[in-house]
file data-v8.txt (compact mmCIF, C-alpha atoms and all ligand atoms)
# COMPACT_ATOMS: atom_id res chain seq x y z
CA MET T 1 23.09 22.54 14.36
CA PRO T 2 20.18 20.24 13.46
CA THR T 3 16.87 20.80 15.22
CA PRO T 4 15.74 17.32 16.26
CA ASN T 5 12.13 16.21 16.43
CA PRO T 6 12.42 13.34 18.96
CA ALA T 7 8.75 12.32 18.72
CA ALA T 8 8.91 12.02 14.93
CA PHE T 9 12.21 10.18 15.14
CA ALA T 10 10.92 7.75 17.78
CA PHE T 11 7.87 7.07 15.61
CA LEU T 12 9.99 6.29 12.57
CA ALA T 13 12.48 4.23 14.58
CA ALA T 14 9.72 1.95 15.88
CA ARG T 15 7.19 1.98 13.04
CA GLN T 16 5.76 -1.30 11.86
CA SER T 17 2.82 -2.58 9.89
CA GLN T 18 -0.08 -4.33 11.58
CA PRO T 19 -1.60 -7.37 9.86
CA ALA T 20 -4.78 -6.47 7.97
CA LYS T 21 -6.30 -9.86 8.75
CA LEU T 22 -6.55 -8.83 12.42
CA PHE T 23 -8.22 -5.46 11.71
CA SER T 24 -11.71 -4.76 12.97
CA GLY T 25 -13.99 -1.75 12.90
CA PRO T 26 -14.22 1.12 13.07
CA VAL T 27 -12.35 2.29 10.01
CA PRO T 28 -11.55 5.97 9.38
CA SER T 29 -14.39 8.14 8.15
CA ARG T 30 -13.91 10.27 5.06
CA ALA T 31 -13.24 13.30 7.30
CA GLU T 32 -10.60 11.32 9.20
CA LEU T 33 -9.06 9.88 6.05
CA GLU T 34 -8.71 13.14 4.11
CA PRO T 35 -5.88 14.60 6.24
CA ILE T 36 -4.16 11.22 6.19
CA LEU T 37 -4.30 11.19 2.39
CA ALA T 38 -3.11 14.80 2.19
CA ALA T 39 -0.11 13.94 4.40
CA ALA T 40 0.54 10.76 2.40
CA LEU T 41 0.72 12.67 -0.86
CA ARG T 42 3.56 14.90 0.35
CA VAL T 43 6.13 12.74 -1.38
CA PRO T 44 9.14 13.43 -3.55
CA ASP T 45 8.00 13.57 -7.15
CA HIS T 46 10.66 14.32 -9.77
CA GLY T 47 9.26 16.79 -12.27
CA LYS T 48 6.08 17.39 -10.21
CA LEU T 49 4.22 14.94 -12.44
CA GLU T 50 1.99 13.49 -9.68
CA PRO T 51 2.44 10.08 -11.32
CA TRP T 52 -0.04 8.27 -9.13
CA ARG T 53 -3.75 8.18 -8.38
CA LEU T 54 -5.66 6.74 -5.42
CA ILE T 55 -8.95 4.87 -5.08
CA VAL T 56 -10.54 4.63 -1.63
CA LEU T 57 -12.35 1.33 -1.17
CA THR T 58 -15.03 0.82 1.45
CA ARG T 59 -16.81 -2.38 2.43
CA PRO T 60 -19.24 -2.54 -0.55
CA ASP T 61 -16.32 -2.03 -2.97
CA MET T 62 -14.36 -4.76 -1.22
CA GLU T 63 -17.27 -7.20 -1.55
CA ARG T 64 -17.51 -6.46 -5.29
CA LEU T 65 -13.74 -6.89 -5.67
CA ALA T 66 -13.80 -10.24 -3.84
CA ALA T 67 -16.42 -11.49 -6.32
CA MET T 68 -14.42 -10.07 -9.25
CA ALA T 69 -11.26 -11.80 -7.96
CA GLU T 70 -13.09 -15.13 -7.79
CA ALA T 71 -14.48 -14.68 -11.32
CA ARG T 72 -11.03 -13.76 -12.66
CA ALA T 73 -9.40 -16.76 -10.92
CA LEU T 74 -11.97 -19.07 -12.53
CA GLU T 75 -11.37 -17.41 -15.91
CA LEU T 76 -7.65 -18.12 -15.47
CA ARG T 77 -8.48 -21.73 -14.50
CA GLY T 78 -6.97 -21.10 -11.07
CA ASP T 79 -7.30 -23.64 -8.28
CA ALA T 80 -9.10 -23.23 -4.96
CA GLU T 81 -6.00 -21.64 -3.43
CA LYS T 82 -5.85 -18.97 -6.14
CA ILE T 83 -9.55 -18.21 -5.64
CA GLU T 84 -9.10 -18.02 -1.87
CA LYS T 85 -5.99 -15.81 -2.13
CA GLY T 86 -7.69 -13.49 -4.63
CA ARG T 87 -10.86 -13.17 -2.56
CA GLY T 88 -8.79 -12.90 0.63
CA GLN T 89 -7.21 -9.64 -0.57
CA PHE T 90 -10.61 -8.03 -0.23
CA ASP T 91 -13.31 -10.02 1.50
CA ARG T 92 -12.28 -9.33 5.07
CA GLY T 93 -11.35 -5.69 4.68
CA GLY T 94 -13.32 -2.62 5.78
CA LEU T 95 -11.29 0.14 4.13
CA ALA T 96 -8.30 0.24 1.82
CA VAL T 97 -6.60 2.72 -0.45
CA VAL T 98 -5.41 1.50 -3.84
CA VAL T 99 -2.26 3.37 -4.84
CA ILE T 100 -1.93 3.27 -8.61
CA SER T 101 1.32 4.15 -10.31
CA ALA T 102 0.26 6.34 -13.24
CA PRO T 103 3.47 7.24 -15.05
CA GLN T 104 3.49 9.87 -17.75
CA ASP T 105 5.34 9.78 -21.02
CA VAL T 106 7.88 12.46 -20.10
CA PRO T 107 11.32 11.50 -21.46
CA LYS T 108 13.17 13.66 -18.91
CA ILE T 109 11.78 11.69 -15.96
CA PRO T 110 12.58 7.96 -16.16
CA LEU T 111 9.73 5.51 -15.64
CA ALA T 112 11.58 3.96 -12.68
CA GLU T 113 11.60 7.30 -10.85
CA GLN T 114 7.87 7.77 -11.42
CA LYS T 115 7.19 4.26 -10.05
CA LEU T 116 9.38 4.98 -7.03
CA SER T 117 7.26 8.03 -6.29
CA ALA T 118 4.15 5.78 -6.17
CA GLY T 119 6.02 3.49 -3.74
CA ALA T 120 6.79 6.58 -1.67
CA VAL T 121 3.06 7.31 -1.52
CA CYS T 122 2.47 3.80 -0.15
CA ILE T 123 4.99 4.07 2.72
CA SER T 124 3.91 7.63 3.41
CA LEU T 125 0.27 6.50 3.63
CA LEU T 126 1.28 3.63 5.91
CA ASN T 127 3.08 6.06 8.19
CA ALA T 128 0.38 8.74 8.14
CA ALA T 129 -2.38 6.22 8.97
CA THR T 130 -0.24 4.68 11.73
CA ALA T 131 0.60 8.11 13.17
CA ALA T 132 -3.13 8.87 13.23
CA GLY T 133 -3.63 5.77 15.40
CA TRP T 134 -4.89 3.27 12.84
CA GLY T 135 -3.44 -0.07 11.83
CA ALA T 136 -2.11 -0.08 8.27
CA ASN T 137 -0.81 -2.82 6.00
CA TRP T 138 0.60 -2.56 2.44
CA LEU T 139 -0.54 -5.59 0.46
CA THR T 140 -0.70 -6.63 -3.18
CA GLY T 141 -1.23 -10.28 -4.20
CA TRP T 142 -1.92 -11.80 -7.61
CA THR T 143 -4.89 -9.57 -8.32
CA SER T 144 -2.61 -6.52 -8.13
CA HIS T 145 -0.20 -8.13 -10.59
CA ASP T 146 -2.89 -9.15 -13.10
CA ALA T 147 -3.18 -6.34 -15.66
CA GLU T 148 -6.63 -7.47 -16.80
CA PHE T 149 -7.98 -7.54 -13.24
CA CYS T 150 -6.51 -4.08 -12.58
CA ALA T 151 -8.04 -2.75 -15.80
CA ARG T 152 -11.50 -4.08 -14.93
CA ALA T 153 -11.39 -3.32 -11.23
CA PHE T 154 -9.47 -0.04 -11.08
CA GLY T 155 -9.62 1.26 -14.65
CA CYS T 156 -5.84 0.89 -15.12
CA LYS T 157 -4.78 1.89 -18.62
CA GLY T 158 -1.47 1.83 -20.48
CA ALA T 159 1.49 1.81 -18.10
CA GLU T 160 -0.68 2.17 -14.99
CA ALA T 161 -0.20 -0.51 -12.34
CA VAL T 162 -1.13 -1.11 -8.73
CA ALA T 163 1.77 -0.10 -6.48
CA GLY T 164 -0.01 -1.24 -3.36
CA ILE T 165 -3.29 -1.62 -1.58
CA VAL T 166 -2.97 -0.06 1.85
CA HIS T 167 -5.53 -1.54 4.23
CA ILE T 168 -6.46 0.68 7.17
CA GLY T 169 -8.49 -0.26 10.23
CA THR T 170 -8.58 -0.71 13.97
CA PRO T 171 -5.54 -2.86 14.75
CA GLY T 172 -5.74 -6.14 16.63
CA PRO T 173 -3.09 -7.21 19.16
CA ALA T 174 0.23 -5.55 18.24
CA ALA T 175 2.22 -7.57 15.75
CA PRO T 176 5.45 -8.99 17.19
CA GLU T 177 8.57 -7.16 16.05
CA ARG T 178 10.22 -8.86 13.08
CA PRO T 179 13.97 -9.00 12.52
CA ARG T 180 15.17 -5.70 11.06
CA PRO T 181 18.01 -5.22 8.61
CA ASP T 182 21.56 -5.48 9.89
CA LEU T 183 23.23 -2.15 9.06
CA ALA T 184 26.61 -3.81 8.85
CA ARG T 185 25.33 -6.08 6.05
CA VAL T 186 23.50 -3.51 3.91
CA VAL T 187 25.36 -0.26 4.48
CA GLN T 188 28.79 0.44 3.03
CA TRP T 189 30.50 3.51 4.47
CA GLY T 190 32.46 5.11 1.66
CA LEU T 191 33.56 3.71 -1.67
CA ALA T 192 35.31 0.34 -1.83
C1 LIG T 201 4.93 -3.88 -2.59
C2 LIG T 201 4.62 -4.73 -1.40
C3 LIG T 201 3.63 -5.70 -1.49
C4 LIG T 201 3.32 -6.51 -0.41
N1 LIG T 201 2.34 -7.45 -0.55
C5 LIG T 201 2.07 -8.29 0.46
C6 LIG T 201 1.06 -9.28 0.35
O1 LIG T 201 0.38 -9.36 -0.67
N2 LIG T 201 0.86 -10.10 1.38
C7 LIG T 201 1.59 -10.03 2.54
O2 LIG T 201 1.37 -10.81 3.46
N3 LIG T 201 2.55 -9.07 2.70
C8 LIG T 201 2.80 -8.22 1.70
N4 LIG T 201 3.75 -7.24 1.85
C9 LIG T 201 4.48 -7.14 3.10
C10 LIG T 201 3.63 -6.44 4.16
O3 LIG T 201 3.45 -5.07 3.83
C11 LIG T 201 4.30 -6.63 5.50
O4 LIG T 201 3.33 -6.59 6.47
C12 LIG T 201 5.39 -5.61 5.75
O5 LIG T 201 6.53 -5.95 4.99
C13 LIG T 201 5.74 -5.49 7.20
O6 LIG T 201 6.82 -4.58 7.29
P1 LIG T 201 6.84 -3.32 8.29
O7 LIG T 201 6.40 -3.80 9.62
O8 LIG T 201 8.25 -2.84 8.24
O9 LIG T 201 5.91 -2.27 7.74
C14 LIG T 201 4.04 -6.38 0.79
C15 LIG T 201 5.04 -5.40 0.90
C16 LIG T 201 5.32 -4.58 -0.18
C17 LIG T 201 6.40 -3.53 -0.04
call {"tool": "encode", "arguments": {"input": "data-v8.txt", "output": "structure tokens"}}
result
Amino acid sequence: MPTPNPAAFAFLAARQSQPAKLFSGPVPSRAELEPILAAALRVPDHGKLEPWRLIVLTRPDMERLAAMAEARALELRGDAEKIEKGRGQFDRGGLAVVVISAPQDVPKIPLAEQKLSAGAVCISLLNAATAAGWGANWLTGWTSHDAEFCARAFGCKGAEAVAGIVHIGTPGPAAPERPRPDLARVVQWGLA
């Protein structure tokens, strides 16, 4: 017989992100964040490669990144919207964790599986931060997709890429529930 954990199940059944743009202070201290990160890193990882690394950003880092995003947008001849979107990923935030997919050249473990493990870190971090009482939001944006920006900002090399930037803070008013997937549409019971 299974041994249910109703509290954990209820948490997972109702979990949702909170919008980072409504976050305020305080943000978690290092002592508060460390157990959240330790919980977040308990993810499936085929081959035990640990194919990810994390960078914790605090307010001064975010201010630097907002300026770097603006400079990069200008370099790319981006318009005002691109500048605003690039800056907006950082210039309102108080704390965020950059989850970097850092795959290794191990032929036995496909690249896709290593990237999936980095995605698992993102959702696990979202859940751990939420369970600890914080608001959390997994964001990316063009800066995360721009290899040159990621190299300059986060030291990404080779196949490394940003899997997500998980913003963590004191949540604002609870986000309204959004429509959730219809099981009947996405789940097939048994082979056709
Ligand atoms: C890889 C990834 C990148 C995302 N990037 C953004 C983003 O840049 N901007 C945005 O508004 N939402 C983005 N989202 C969506 C937010 O995380 C959104 O708040 C989330 O889908 C809400 O779902 P939940 O309530 O089930 O957690 C992204 C989601 C994923 C998985």
call {"tool": "atom_distance", "arguments": {"input": "data-v8.txt", "atom1": "CA of Met68 (chain T)", "atom2": "CA of His167 (chain T)"}}
result
18.3 Å
call {"tool": "axis_aligned_box", "arguments": {"input": "data-v8.txt", "around": "ligand LIG 201 (chain T)", "padding_each_side": "5 Å", "output": "AutoDock Vina command-line options"}}
result
--center_x 4.3 --center_y -6.5 --center_z 3.5 --size_x 17.9 --size_y 18.5 --size_z 22.2
call {"tool": "residues_near_ligand", "arguments": {"input": "data-v8.txt", "ligand": "ligand LIG 201 (chain T)", "cutoff": "9 Å", "atoms": "only C-alpha atoms and all ligand atoms", "output": "list in words"}}
result
Arg15, Gln16, Ser17, Gln18, Pro19, Ala20, Gln89, Gly119, Cys122, Ile123, Leu126, Asn127, Ala136, Asn137, Trp138, Leu139, Thr140, Gly141, Trp142, Ser144, Ala163, Gly164, Ile165, Val166, Ala175, Glu177, Arg178 and Arg180 of chain T
call {"tool": "residues_around", "arguments": {"input": "data-v8.txt", "residues": "Pro110 (chain T)", "least_positions_apart": "5", "cutoff": "12 Å", "atoms": "all atoms listed in the file", "output": "PyMOL selection string"}}
result
chain T and resi 45-47+49+51+103-105+115-117
call {"tool": "residues_around", "arguments": {"input": "data-v8.txt", "residues": "region 22-36 of chain T", "least_positions_apart": "2", "cutoff": "7 Å", "atoms": "only C-alpha atoms", "output": "JSON, numbers by chain"}}
result
{"T": [19, 20, 38, 39, 40, 94, 95, 125, 128, 129, 168, 169, 170, 171, 172]}
call {"tool": "atom_distance", "arguments": {"input": "data-v8.txt", "atom1": "CA of Pro107 (chain T)", "atom2": "CA of Lys48 (chain T)"}}
result
13.7 Å
call {"tool": "atom_distance", "arguments": {"input": "data-v8.txt", "atom1": "CA of Val186 (chain T)", "atom2": "CA of Ala13 (chain T)"}}
result
17.2 Å
call {"tool": "closest_residue", "arguments": {"input": "data-v8.txt", "among": "T:Ala80, T:Arg72, T:Ala8, T:Leu41", "to": "Arg53 (chain T)", "atoms": "only C-alpha atoms"}}
result
T:Leu41
call {"tool": "build_atoms", "arguments": {"input": "data-v8.txt", "residues": "region 92-116 of chain T", "atoms": "N, CA and C atoms", "output": "tab-separated table (two decimals), in the coordinates of the input"}}
result
chain	number	residue	atom	x	y	z
T	92	ARG	N	-12.22	-9.59	3.63
T	92	ARG	CA	-12.28	-9.33	5.07
T	92	ARG	C	-12.07	-7.86	5.40
T	93	GLY	N	-11.74	-7.07	4.39
T	93	GLY	CA	-11.35	-5.69	4.68
T	93	GLY	C	-12.53	-4.73	4.83
T	94	GLY	N	-12.29	-3.66	5.59
T	94	GLY	CA	-13.32	-2.62	5.78
T	94	GLY	C	-12.99	-1.35	5.04
T	95	LEU	N	-11.70	-1.06	4.85
T	95	LEU	CA	-11.29	0.14	4.13
T	95	LEU	C	-9.87	-0.06	3.62
T	96	ALA	N	-9.66	0.33	2.39
T	96	ALA	CA	-8.30	0.24	1.82
T	96	ALA	C	-8.15	1.34	0.78
T	97	VAL	N	-6.90	1.72	0.56
T	97	VAL	CA	-6.60	2.72	-0.45
T	97	VAL	C	-5.71	2.06	-1.50
T	98	VAL	N	-6.20	2.05	-2.74
T	98	VAL	CA	-5.41	1.50	-3.84
T	98	VAL	C	-4.52	2.63	-4.35
T	99	VAL	N	-3.22	2.39	-4.31
T	99	VAL	CA	-2.26	3.37	-4.84
T	99	VAL	C	-1.85	2.88	-6.23
T	100	ILE	N	-2.21	3.66	-7.23
T	100	ILE	CA	-1.93	3.27	-8.61
T	100	ILE	C	-0.80	4.13	-9.16
T	101	SER	N	0.23	3.45	-9.63
T	101	SER	CA	1.32	4.15	-10.31
T	101	SER	C	0.79	4.54	-11.69
T	102	ALA	N	0.82	5.84	-11.97
T	102	ALA	CA	0.26	6.34	-13.24
T	102	ALA	C	1.32	7.18	-13.94
T	103	PRO	N	2.36	6.50	-14.45
T	103	PRO	CA	3.47	7.24	-15.05
T	103	PRO	C	3.07	7.97	-16.32
T	104	GLN	N	3.74	9.08	-16.54
T	104	GLN	CA	3.49	9.87	-17.75
T	104	GLN	C	4.65	9.70	-18.72
T	105	ASP	N	4.32	9.94	-19.98
T	105	ASP	CA	5.34	9.78	-21.02
T	105	ASP	C	6.14	11.08	-21.12
T	106	VAL	N	7.05	11.25	-20.16
T	106	VAL	CA	7.88	12.46	-20.10
T	106	VAL	C	9.33	11.99	-20.16
T	107	PRO	N	9.99	12.10	-21.30
T	107	PRO	CA	11.32	11.50	-21.46
T	107	PRO	C	12.32	11.94	-20.40
T	108	LYS	N	12.19	13.18	-19.89
T	108	LYS	CA	13.17	13.66	-18.91
T	108	LYS	C	13.10	12.92	-17.58
T	109	ILE	N	11.94	12.36	-17.27
T	109	ILE	CA	11.78	11.69	-15.96
T	109	ILE	C	11.61	10.19	-16.22
T	110	PRO	N	12.65	9.40	-15.87
T	110	PRO	CA	12.58	7.96	-16.16
T	110	PRO	C	11.37	7.30	-15.48
T	111	LEU	N	10.87	6.27	-16.16
T	111	LEU	CA	9.73	5.51	-15.64
T	111	LEU	C	10.00	5.01	-14.22
T	112	ALA	N	11.24	4.52	-14.00
T	112	ALA	CA	11.58	3.96	-12.68
T	112	ALA	C	11.38	5.02	-11.59
T	113	GLU	N	11.73	6.26	-11.87
T	113	GLU	CA	11.60	7.30	-10.85
T	113	GLU	C	10.13	7.61	-10.58
T	114	GLN	N	9.30	7.52	-11.62
T	114	GLN	CA	7.87	7.77	-11.42
T	114	GLN	C	7.25	6.63	-10.59
T	115	LYS	N	7.70	5.39	-10.85
T	115	LYS	CA	7.19	4.26	-10.05
T	115	LYS	C	7.63	4.38	-8.60
T	116	LEU	N	8.89	4.83	-8.41
T	116	LEU	CA	9.38	4.98	-7.03
T	116	LEU	C	8.55	6.00	-6.26
